[in-house]
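Shown here: target_2.txt, compact mmCIF, C-alpha atoms.
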```
# COMPACT_ATOMS: atom_id res chain seq x y z
CA MET X 1 151.64 114.96 0.57
CA SER X 2 150.80 117.11 3.56
CA VAL X 3 152.09 120.16 1.68
CA LEU X 4 149.82 119.28 -1.21
CA ALA X 5 146.91 118.71 1.14
CA GLY X 6 147.52 122.06 2.80
CA LEU X 7 147.77 123.76 -0.58
CA CYS X 8 144.55 122.14 -1.72
CA LYS X 9 142.86 123.20 1.51
CA LYS X 10 144.03 126.74 1.03
CA LEU X 11 143.03 126.87 -2.63
CA PHE X 12 139.80 124.95 -2.62
CA GLY X 13 138.79 124.92 1.01
CA ARG X 14 136.67 127.98 0.93
CA SER X 15 133.71 127.36 -1.28
CA LEU X 16 131.13 124.95 0.04
CA TRP X 17 128.29 124.20 -2.30
CA VAL X 18 125.28 123.35 -0.32
CA TYR X 19 122.44 120.99 -0.99
CA HIS X 20 119.42 121.61 1.13
CA ALA X 21 117.59 118.42 2.12
CA ASN X 22 114.43 118.59 4.14
CA SER X 23 113.40 115.12 5.23
CA GLY X 24 110.16 115.97 6.91
CA GLY X 25 110.75 119.06 9.00
CA CYS X 26 108.25 121.81 9.71
CA ASN X 27 109.83 124.43 7.37
CA GLY X 28 111.12 126.54 10.28
CA CYS X 29 114.75 125.64 9.68
CA ASP X 30 114.30 126.10 5.92
CA ILE X 31 113.21 129.68 6.49
CA GLU X 32 116.23 130.30 8.70
CA VAL X 33 118.53 128.82 6.04
CA LEU X 34 116.95 131.13 3.47
CA ASP X 35 117.62 133.97 5.91
CA VAL X 36 121.29 133.04 5.86
CA LEU X 37 121.37 133.47 2.09
CA THR X 38 119.87 136.99 2.17
CA PRO X 39 122.18 140.04 1.95
CA TYR X 40 121.92 140.62 5.71
CA TYR X 41 123.67 137.38 6.57
CA ASP X 42 125.53 137.10 3.32
CA ALA X 43 126.67 133.50 3.23
CA GLU X 44 128.29 133.85 -0.16
CA ARG X 45 131.22 135.67 1.42
CA PHE X 46 132.16 132.24 2.79
CA GLY X 47 131.74 130.77 -0.69
CA ILE X 48 128.46 129.09 0.16
CA ARG X 49 126.11 128.55 -2.74
CA LEU X 50 122.84 126.71 -2.86
CA VAL X 51 122.76 124.09 -5.58
CA ALA X 52 119.82 122.14 -6.85
CA SER X 53 121.35 118.71 -7.20
CA PRO X 54 123.27 116.63 -4.67
CA ARG X 55 125.70 115.70 -7.45
CA HIS X 56 127.00 119.28 -7.44
CA ALA X 57 127.15 119.61 -3.67
CA ASP X 58 129.89 119.38 -1.06
CA VAL X 59 127.64 119.86 1.93
CA MET X 60 124.21 118.53 2.72
CA LEU X 61 122.09 120.54 5.12
CA CYS X 62 119.71 118.12 6.79
CA GLN X 63 116.57 119.49 8.30
CA GLY X 64 113.90 117.47 9.92
CA PRO X 65 114.21 114.02 11.45
CA ALA X 66 114.89 110.81 9.59
CA MET X 67 111.43 109.59 8.84
CA ARG X 68 110.16 106.28 7.73
CA SER X 69 109.01 107.66 4.38
CA THR X 70 112.01 109.84 3.50
CA SER X 71 115.00 108.00 4.96
CA LYS X 72 115.65 106.08 1.74
CA ALA X 73 115.56 109.25 -0.35
CA LEU X 74 117.89 110.97 2.14
CA ARG X 75 120.31 108.09 1.93
CA ARG X 76 120.22 108.15 -1.88
CA ALA X 77 120.87 111.89 -1.90
CA TYR X 78 123.82 111.37 0.44
CA GLU X 79 125.26 108.63 -1.74
CA ALA X 80 124.87 110.79 -4.86
CA MET X 81 127.17 113.47 -3.45
CA PRO X 82 130.83 113.35 -4.60
CA ALA X 83 133.29 111.97 -2.15
CA PRO X 84 134.64 114.68 0.19
CA LYS X 85 131.28 115.49 1.70
CA LEU X 86 130.01 117.05 4.87
CA VAL X 87 126.61 116.75 6.50
CA PHE X 88 125.19 119.45 8.70
CA ALA X 89 122.29 118.62 10.99
CA ILE X 90 120.33 121.83 11.47
CA GLY X 91 117.70 122.08 14.15
CA SER X 92 116.75 119.86 17.01
CA CYS X 93 114.86 117.50 14.71
CA ALA X 94 117.96 116.65 12.72
CA CYS X 95 120.21 116.63 15.79
CA GLY X 96 118.11 114.49 18.09
CA GLY X 97 114.83 113.60 16.48
CA GLY X 98 112.77 116.54 17.63
CA VAL X 99 109.88 116.65 20.02
CA TRP X 100 108.14 113.86 18.11
CA PHE X 101 111.14 111.59 18.21
CA ASP X 102 109.16 108.57 19.36
CA THR X 103 106.17 108.70 17.08
CA TYR X 104 105.47 105.96 14.61
CA ASN X 105 106.81 107.67 11.51
CA VAL X 106 109.98 109.19 12.96
CA LEU X 107 113.09 107.01 13.03
CA GLY X 108 115.10 109.51 15.04
CA PRO X 109 117.98 111.86 14.31
CA VAL X 110 119.39 111.96 10.78
CA GLU X 111 122.57 110.33 12.03
CA LYS X 112 120.64 107.06 11.95
CA VAL X 113 120.62 107.34 8.15
CA VAL X 114 123.59 109.53 7.16
CA PRO X 115 126.78 110.25 9.11
CA VAL X 116 126.61 113.78 10.52
CA ASP X 117 129.70 115.98 10.84
CA PHE X 118 128.34 119.14 12.45
CA TYR X 119 125.36 119.71 14.67
CA ILE X 120 123.56 123.04 14.93
CA PRO X 121 120.87 122.67 17.60
CA GLY X 122 118.00 125.06 18.01
CA CYS X 123 114.33 125.07 17.21
CA PRO X 124 114.89 126.71 14.78
CA PRO X 125 118.48 127.89 15.14
CA ARG X 126 119.06 131.58 14.59
CA PRO X 127 120.67 132.54 11.27
CA GLU X 128 123.68 133.59 13.33
CA ALA X 129 123.85 130.11 14.82
CA ILE X 130 123.89 128.56 11.35
CA ILE X 131 126.63 130.97 10.27
CA TYR X 132 128.50 130.08 13.44
CA GLY X 133 128.24 126.39 12.60
CA VAL X 134 129.57 127.08 9.10
CA ALA X 135 132.40 129.10 10.63
CA VAL X 136 133.19 126.18 12.95
CA ALA X 137 133.30 123.89 9.92
CA LEU X 138 135.58 126.29 8.04
CA GLY X 139 137.85 126.62 11.07
CA LEU X 140 137.24 130.34 11.54
CA VAL X 141 136.05 129.96 15.14
CA ASP X 142 136.25 127.24 17.78
CA PRO X 143 133.17 125.50 19.16
CA LYS X 144 132.18 127.02 22.47
CA VAL X 145 130.17 124.28 24.15
CA SER X 146 131.64 121.48 26.21
CA PRO X 147 130.01 118.84 28.39
CA VAL X 148 129.27 119.93 31.95
CA GLU X 149 129.50 117.55 34.86
CA VAL X 150 128.87 118.84 38.36
CA ARG X 151 128.75 116.97 41.63
CA GLN X 152 127.32 118.05 44.93
CA LEU X 153 130.18 116.86 47.08
CA GLU X 154 129.28 118.51 50.37
CA TYR X 155 127.59 115.61 52.08
CA PRO X 156 126.73 117.05 55.46
CA PHE X 157 126.27 113.74 57.24
CA PRO X 158 128.90 112.11 59.46
CA ARG X 159 128.36 108.67 57.99
CA TYR X 160 129.80 109.84 54.66
CA HIS X 161 132.94 111.21 56.33
CA PRO X 162 134.37 108.42 58.45
CA GLU X 163 137.76 110.13 58.37
CA ASP X 164 136.31 113.01 60.37
CA LEU X 165 135.04 110.83 63.19
CA GLU X 166 137.05 110.84 66.41
CA GLY X 167 136.93 108.81 69.57
CA GLU X 168 135.80 105.41 70.73
CA PRO X 169 132.30 103.97 70.23
CA PRO X 170 130.74 105.23 73.49
CA LEU X 171 131.53 108.82 72.53
CA VAL X 172 132.18 109.44 68.85
CA VAL X 173 132.68 113.06 67.90
CA TYR X 174 132.19 114.46 64.42
CA ARG X 175 135.03 116.93 64.06
CA LYS X 176 133.36 119.23 61.59
CA MET X 177 130.32 119.51 63.79
CA GLN X 178 132.57 120.76 66.58
CA THR X 179 133.94 123.53 64.44
CA LEU X 180 130.54 124.75 63.42
CA MET B 1 114.22 154.92 -21.20
CA SER B 2 115.71 151.61 -20.38
CA LEU B 3 119.04 153.30 -19.60
CA LEU B 4 117.24 155.67 -17.25
CA SER B 5 115.63 152.78 -15.43
CA LYS B 6 119.02 151.13 -15.08
CA VAL B 7 120.44 154.32 -13.61
CA ARG B 8 117.50 154.57 -11.21
CA GLU B 9 118.03 150.99 -10.17
CA ALA B 10 121.73 151.68 -9.55
CA VAL B 11 120.86 154.73 -7.46
CA ILE B 12 118.41 152.69 -5.37
CA CYS B 13 121.01 150.00 -4.84
CA LEU B 14 123.67 152.53 -3.85
CA GLN B 15 121.31 154.31 -1.47
CA ALA B 16 120.75 151.12 0.48
CA GLY B 17 124.40 151.04 1.47
CA ARG B 18 126.01 148.04 3.03
CA VAL B 19 123.63 145.91 5.03
CA THR B 20 125.67 142.73 5.52
CA LEU B 21 126.37 142.08 9.18
CA PRO B 22 129.99 141.25 10.03
CA TYR B 23 128.70 138.43 12.20
CA PRO B 24 131.37 135.83 13.01
CA ALA B 25 134.00 138.55 13.51
CA VAL B 26 131.78 140.83 15.57
CA PRO B 27 129.45 139.27 18.17
CA ARG B 28 125.80 139.95 17.69
CA PRO B 29 123.54 140.57 20.70
CA THR B 30 120.33 138.61 21.08
CA PRO B 31 116.98 140.35 21.45
CA GLU B 32 115.21 140.74 24.77
CA GLY B 33 113.57 137.55 25.99
CA PHE B 34 115.60 135.27 23.77
CA ARG B 35 115.88 131.73 25.10
CA GLY B 36 119.13 129.94 24.46
CA ARG B 37 120.42 126.74 25.98
CA PRO B 38 119.40 126.11 29.59
CA ILE B 39 122.04 126.21 32.30
CA PHE B 40 121.60 123.87 35.26
CA ASP B 41 122.82 125.10 38.62
CA ALA B 42 123.88 122.20 40.80
CA ASN B 43 124.08 124.35 43.92
CA ARG B 44 120.40 125.19 43.79
CA CYS B 45 118.96 121.96 42.43
CA ILE B 46 117.04 119.90 44.97
CA GLY B 47 116.47 116.96 42.63
CA CYS B 48 112.69 117.13 42.51
CA ALA B 49 112.74 116.05 38.81
CA GLY B 50 109.95 118.43 37.89
CA CYS B 51 111.95 119.44 34.84
CA ALA B 52 112.24 115.81 33.75
CA ASN B 53 108.50 115.33 34.08
CA ASN B 54 107.66 118.51 32.18
CA CYS B 55 110.16 118.36 29.34
CA PRO B 56 108.20 117.98 26.07
CA ALA B 57 111.21 116.53 24.26
CA ARG B 58 112.08 114.34 27.28
CA GLU B 59 115.63 115.52 27.22
CA ILE B 60 116.18 115.44 30.97
CA LEU B 61 116.85 112.02 32.44
CA VAL B 62 116.79 111.32 36.15
CA VAL B 63 118.08 108.15 37.71
CA ASP B 64 118.76 107.17 41.30
CA VAL B 65 121.95 105.18 41.48
CA CYS B 66 121.49 104.64 45.20
CA GLN B 67 119.37 106.05 47.96
CA GLU B 68 121.47 109.20 48.37
CA ILE B 69 122.75 110.05 44.91
CA ARG B 70 120.48 111.10 42.10
CA ILE B 71 121.83 111.79 38.64
CA LEU B 72 120.10 114.41 36.53
CA GLN B 73 121.28 114.45 32.95
CA TYR B 74 120.35 116.96 30.29
CA LEU B 75 121.20 115.75 26.82
CA GLY B 76 120.57 118.85 24.74
CA ARG B 77 120.13 117.04 21.46
CA ARG B 78 116.48 117.62 20.73
CA CYS B 79 115.91 120.46 23.17
CA THR B 80 113.59 123.03 21.66
CA TYR B 81 114.50 125.71 24.25
CA CYS B 82 110.86 126.05 25.24
CA GLY B 83 111.79 127.02 28.79
CA ARG B 84 109.23 124.85 30.55
CA CYS B 85 111.93 123.36 32.76
CA ALA B 86 112.99 126.82 33.90
CA GLU B 87 109.34 127.72 34.45
CA VAL B 88 108.54 124.71 36.60
CA CYS B 89 111.73 124.69 38.68
CA PRO B 90 110.81 125.63 42.26
CA GLU B 91 114.33 126.71 43.18
CA LYS B 92 115.07 128.59 39.92
CA ALA B 93 118.03 126.30 39.37
CA ILE B 94 117.54 126.35 35.59
CA THR B 95 118.11 129.58 33.73
CA MET B 96 117.58 129.99 30.02
CA SER B 97 120.80 131.61 28.91
CA ARG B 98 121.16 133.70 25.78
CA ASP B 99 123.82 131.41 24.40
CA PHE B 100 122.94 130.36 20.88
CA GLU B 101 126.39 129.59 19.49
CA THR B 102 126.13 125.89 20.24
CA ALA B 103 127.28 124.43 16.92
CA THR B 104 129.60 121.53 17.56
CA PRO B 105 131.05 118.54 15.73
CA ARG B 106 130.23 116.29 18.72
CA ILE B 107 126.66 116.10 19.92
CA GLY B 108 127.80 114.99 23.37
CA ASP B 109 129.21 118.46 23.98
CA LEU B 110 125.73 119.70 24.78
CA ARG B 111 125.33 117.35 27.71
CA GLN B 112 125.02 118.57 31.29
CA ARG B 113 125.14 116.10 34.12
CA LEU B 114 124.46 116.80 37.78
CA GLU B 115 125.12 114.38 40.58
CA LEU B 116 122.87 115.43 43.39
CA PHE B 117 122.99 114.47 47.00
CA MET B 118 119.56 113.53 48.26
CA GLY B 119 119.25 113.90 51.98
CA ALA B 120 117.78 110.72 53.40
CA CYS B 121 115.66 110.43 56.50
CA GLN B 122 117.92 109.60 59.41
CA ARG B 123 115.34 107.28 60.89
CA CYS B 124 114.14 105.21 57.94
CA GLY B 125 116.92 105.99 55.45
CA ARG B 126 114.61 106.88 52.61
CA CYS B 127 114.04 110.14 50.79
CA PHE B 128 110.29 109.77 50.58
CA PRO B 129 107.79 106.93 50.38
CA GLU B 130 107.80 104.83 47.24
CA PRO B 131 105.05 105.77 44.79
CA SER B 132 102.02 103.57 44.80
CA PRO B 133 101.28 101.68 41.55
CA LEU B 134 98.71 104.31 40.58
CA GLU B 135 101.12 107.16 41.18
CA ALA B 136 103.84 105.32 39.29
CA LEU B 137 101.61 105.31 36.22
CA LYS B 138 101.51 109.09 36.23
CA LEU B 139 105.26 109.46 36.63
CA LYS B 140 107.09 109.10 33.37
CA GLY B 141 109.34 106.45 34.79
CA TYR B 142 111.96 108.95 35.72
CA ARG B 143 113.50 106.93 38.47
CA PHE B 144 114.46 104.24 35.99
CA ASP B 145 115.90 106.24 33.09
CA ASP B 146 118.84 104.61 31.37
CA VAL B 147 121.58 107.23 31.66
CA ALA B 148 124.32 105.04 30.20
CA SER B 149 122.73 104.75 26.76
CA GLU B 150 120.78 108.02 27.12
CA ARG B 151 117.41 106.37 26.87
CA TRP B 152 114.15 107.31 28.39
CA ILE B 153 112.38 104.27 29.76
CA PHE B 154 108.68 103.78 29.72
CA ARG B 155 108.19 101.09 32.32
CA ALA B 156 110.36 99.88 35.10
CA GLU B 157 109.71 96.25 34.27
CA THR B 158 111.54 96.56 30.95
CA PHE B 159 114.72 97.74 32.59
CA LEU B 160 116.58 94.52 33.18
CA PRO B 161 120.34 94.11 32.90
CA GLY B 162 121.32 92.88 29.46
CA PHE B 163 117.88 93.67 28.14
CA PRO B 164 117.56 96.72 25.88
CA PRO B 165 114.71 98.87 27.20
CA VAL B 166 113.58 100.38 23.90
CA GLU B 167 114.13 98.60 20.64
CA ASP B 168 115.61 100.61 17.80
CA ILE B 169 113.57 100.56 14.65
CA PRO B 170 115.67 98.90 11.95
CA ILE B 171 116.08 100.94 8.79
CA GLU B 172 115.65 99.13 5.52
CA LEU B 173 117.93 100.59 2.89
CA ASP B 174 118.36 99.45 -0.63
```

Using C-alpha cells, write down the structure from this file.
Amino acid sequence: MSVLAGLCKKLFGRSLWVYHANSGGCNGCDIEVLDVLTPYYDAERFGIRLVASPRHADVMLCQGPAMRSTSKALRRAYEAMPAPKLVFAIGSCACGGGVWFDTYNVLGPVEKVVPVDFYIPGCPPRPEAIIYGVAVALGLVDPKVSPVEVRQLEYPFPRYHPEDLEGEPPLVVYRKMQTL
Amino acid sequence: MSLLSKVREAVICLQAGRVTLPYPAVPRPTPEGFRGRPIFDANRCIGCAGCANNCPAREILVVDVCQEIRILQYLGRRCTYCGRCAEVCPEKAITMSRDFETATPRIGDLRQRLELFMGACQRCGRCFPEPSPLEALKLKGYRFDDVASERWIFRAETFLPGFPPVEDIPIELD
C-alpha cells in the first residue's frame, strides 16, 4: 500500500489545479496570484493551473477573511472540491483576519470556515512568497520559520538569586556584587 | 501574409529570450526598503508596550504575569508588515527584516514571545504608578491581554477566570 501511495505521489503529485476563491479581500492578493501565473514567475512548471470551477480543483487559494456574507459560499466551494484537497490561505486576511478582523462583517480567518493546510502571510505576499508556499506544499523546500521564545534571565537583583547570598542576617553579602 | 505575420510573431517571441526566474532553486534578493517580518530583540526591549499600543492589526499582546515579569507576544498571523512597531520603538528593539519566505503549514510558527524582566522600585516594589481610570481608557487594555488563547481584551472587567473575554461569532452553515 505504501509502495502504491509512493508511486501515486510520484506520478500524480506534481500537478495542482488551483481554484481561486476571494471571499472579500481587497484584490491585492489576487493581483499577486496573477503575477505568479505570468511568464516571469511561471507557476505552470510546477503543474499549477488555474481552473474555473471548484469541481475541477485540487487546491483552493483563499484570499480575504471569512466574512459574514461570503462564508457560506466559501464553505460550499470547499465542499464541492473532490476529496484530496488542499487549502492555501494567502495574505494576512486569510491567515488571521486582517486589520479589520474585529469589524461587524468579518468572522475572522478563513480557518473558521474551511480547514487550512498552508499559510502564506503577507499583505500582500510577494509572488516569490506564494511560490515558496507552493514549493513547501510540494516538498521542494522546508519551511524556514519557527516559533521564537526568548527570556531575559539576567535578573540583577539579589532577591532573585538566594543561592548567591552568603553570611548570616546581620551581614548578608551578595557574591556576584563582590565580583563586580 | 498570414504566414509572414506568424513568422514575425515567432521572431518576436524568440527575441524575448527566457524570462522565467529560477526562483525556488536560486534565492531572489528583495528590493531596497522592503519590509518583511519583524524581529524582536529581547536584549534591547524595555517592555514599554508602545508597539502593542500602535499595532493596527493588534498583533502584539502584552501581559504582566507578576510585578517583575512582562510577557510580550507577537502572533504574526494578521501582521501587515507596516513597520509602525519598529518606528515607535524607543530602543530600536524591533527591526523589519527582509525575510519574506514565511510560508508554513502551522500558523503558530510565526509567533515570537519575549519574557521581559521589569525592574521594580526597590522601595515600593512597583514598576510605575497604576493608571488612573481616565488613563486606562486610553490604553488598549494591554496589561490584561489573554496570552493563553491569543486574545486581545477590551476591558479588564471582562477578564475573569473561566469567563471567555471575547465571544466568538457562531457561523451558521447549511

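We find atom CA of X:Gly108 and atom CA of X:Arg55 to be spaced 25.6 Å apart.
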
Problem set entry | Distance-based interface of chain B with chain X, 7 Å, counting only C-alpha atoms, as an MDAnalysis selection string | chainID B and resid 19:21 24 42 56:57 77:80 100:105 107:117 169 173

Problem set entry | Contacts of B:Asp99 within 8 Å, only C-alpha atoms, excl. fewer than 5 positions in-chain, as a ChimeraX atom specification | /B:35-37

For this session: Could you jot down the atom CA of X:Ala57 to atom CA of X:Tyr19 separation for me, Å, one decimal place?
Result: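 Result for atom CA of X:Ala57 versus atom CA of X:Tyr19: 5.6 Å, one decimal.
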
Exercise. Any idea what the distance is between atom CA of X:Leu74 and atom CA of X:Val51?
Worked result: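 Interatomic distance, atom CA of X:Leu74 to atom CA of X:Val51: 16.0 Å.
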
Problem set entry | Pick from X:Leu7, X:Phe46, X:Ser15, X:Asn27 nearest to B:Pro22, counting all atoms listed in the file | X:Phe46

Exercise. Between X:Asn105, X:Lys85, X:Val36, X:Thr70, which is the closest to X:His56 once you count all atoms listed in the file?
Worked result: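 The answer is X:Lys85, which sits nearest to X:His56.
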
Could you give me, as a compact mmCIF listing (two decimals) with C-alpha atoms, keeping the file's coordinate frame, the residues that have an atom at most 8 Å away from the point (115.1, 125.0, 42.0) in the coordinates of the file, using only C-alpha atoms?
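Listed below is the output, part.txt:
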```txt
# COMPACT_ATOMS: atom_id res chain seq x y z
CA ARG B 44 120.40 125.19 43.79
CA CYS B 45 118.96 121.96 42.43
CA ILE B 46 117.04 119.90 44.97
CA CYS B 89 111.73 124.69 38.68
CA PRO B 90 110.81 125.63 42.26
CA GLU B 91 114.33 126.71 43.18
CA LYS B 92 115.07 128.59 39.92
CA ALA B 93 118.03 126.30 39.37
CA ILE B 94 117.54 126.35 35.59
```

Can you sort out the box for stretch 94-102 of chain X, edges along x, y and z, all listed atoms in, 3 Å on every side, with centre and edge lengths in Å to one decimal, as JSON?
```
{"center_x": 114.2, "center_y": 112.6, "center_z": 16.4, "size_x": 18.1, "size_y": 14.1, "size_z": 13.3}
```
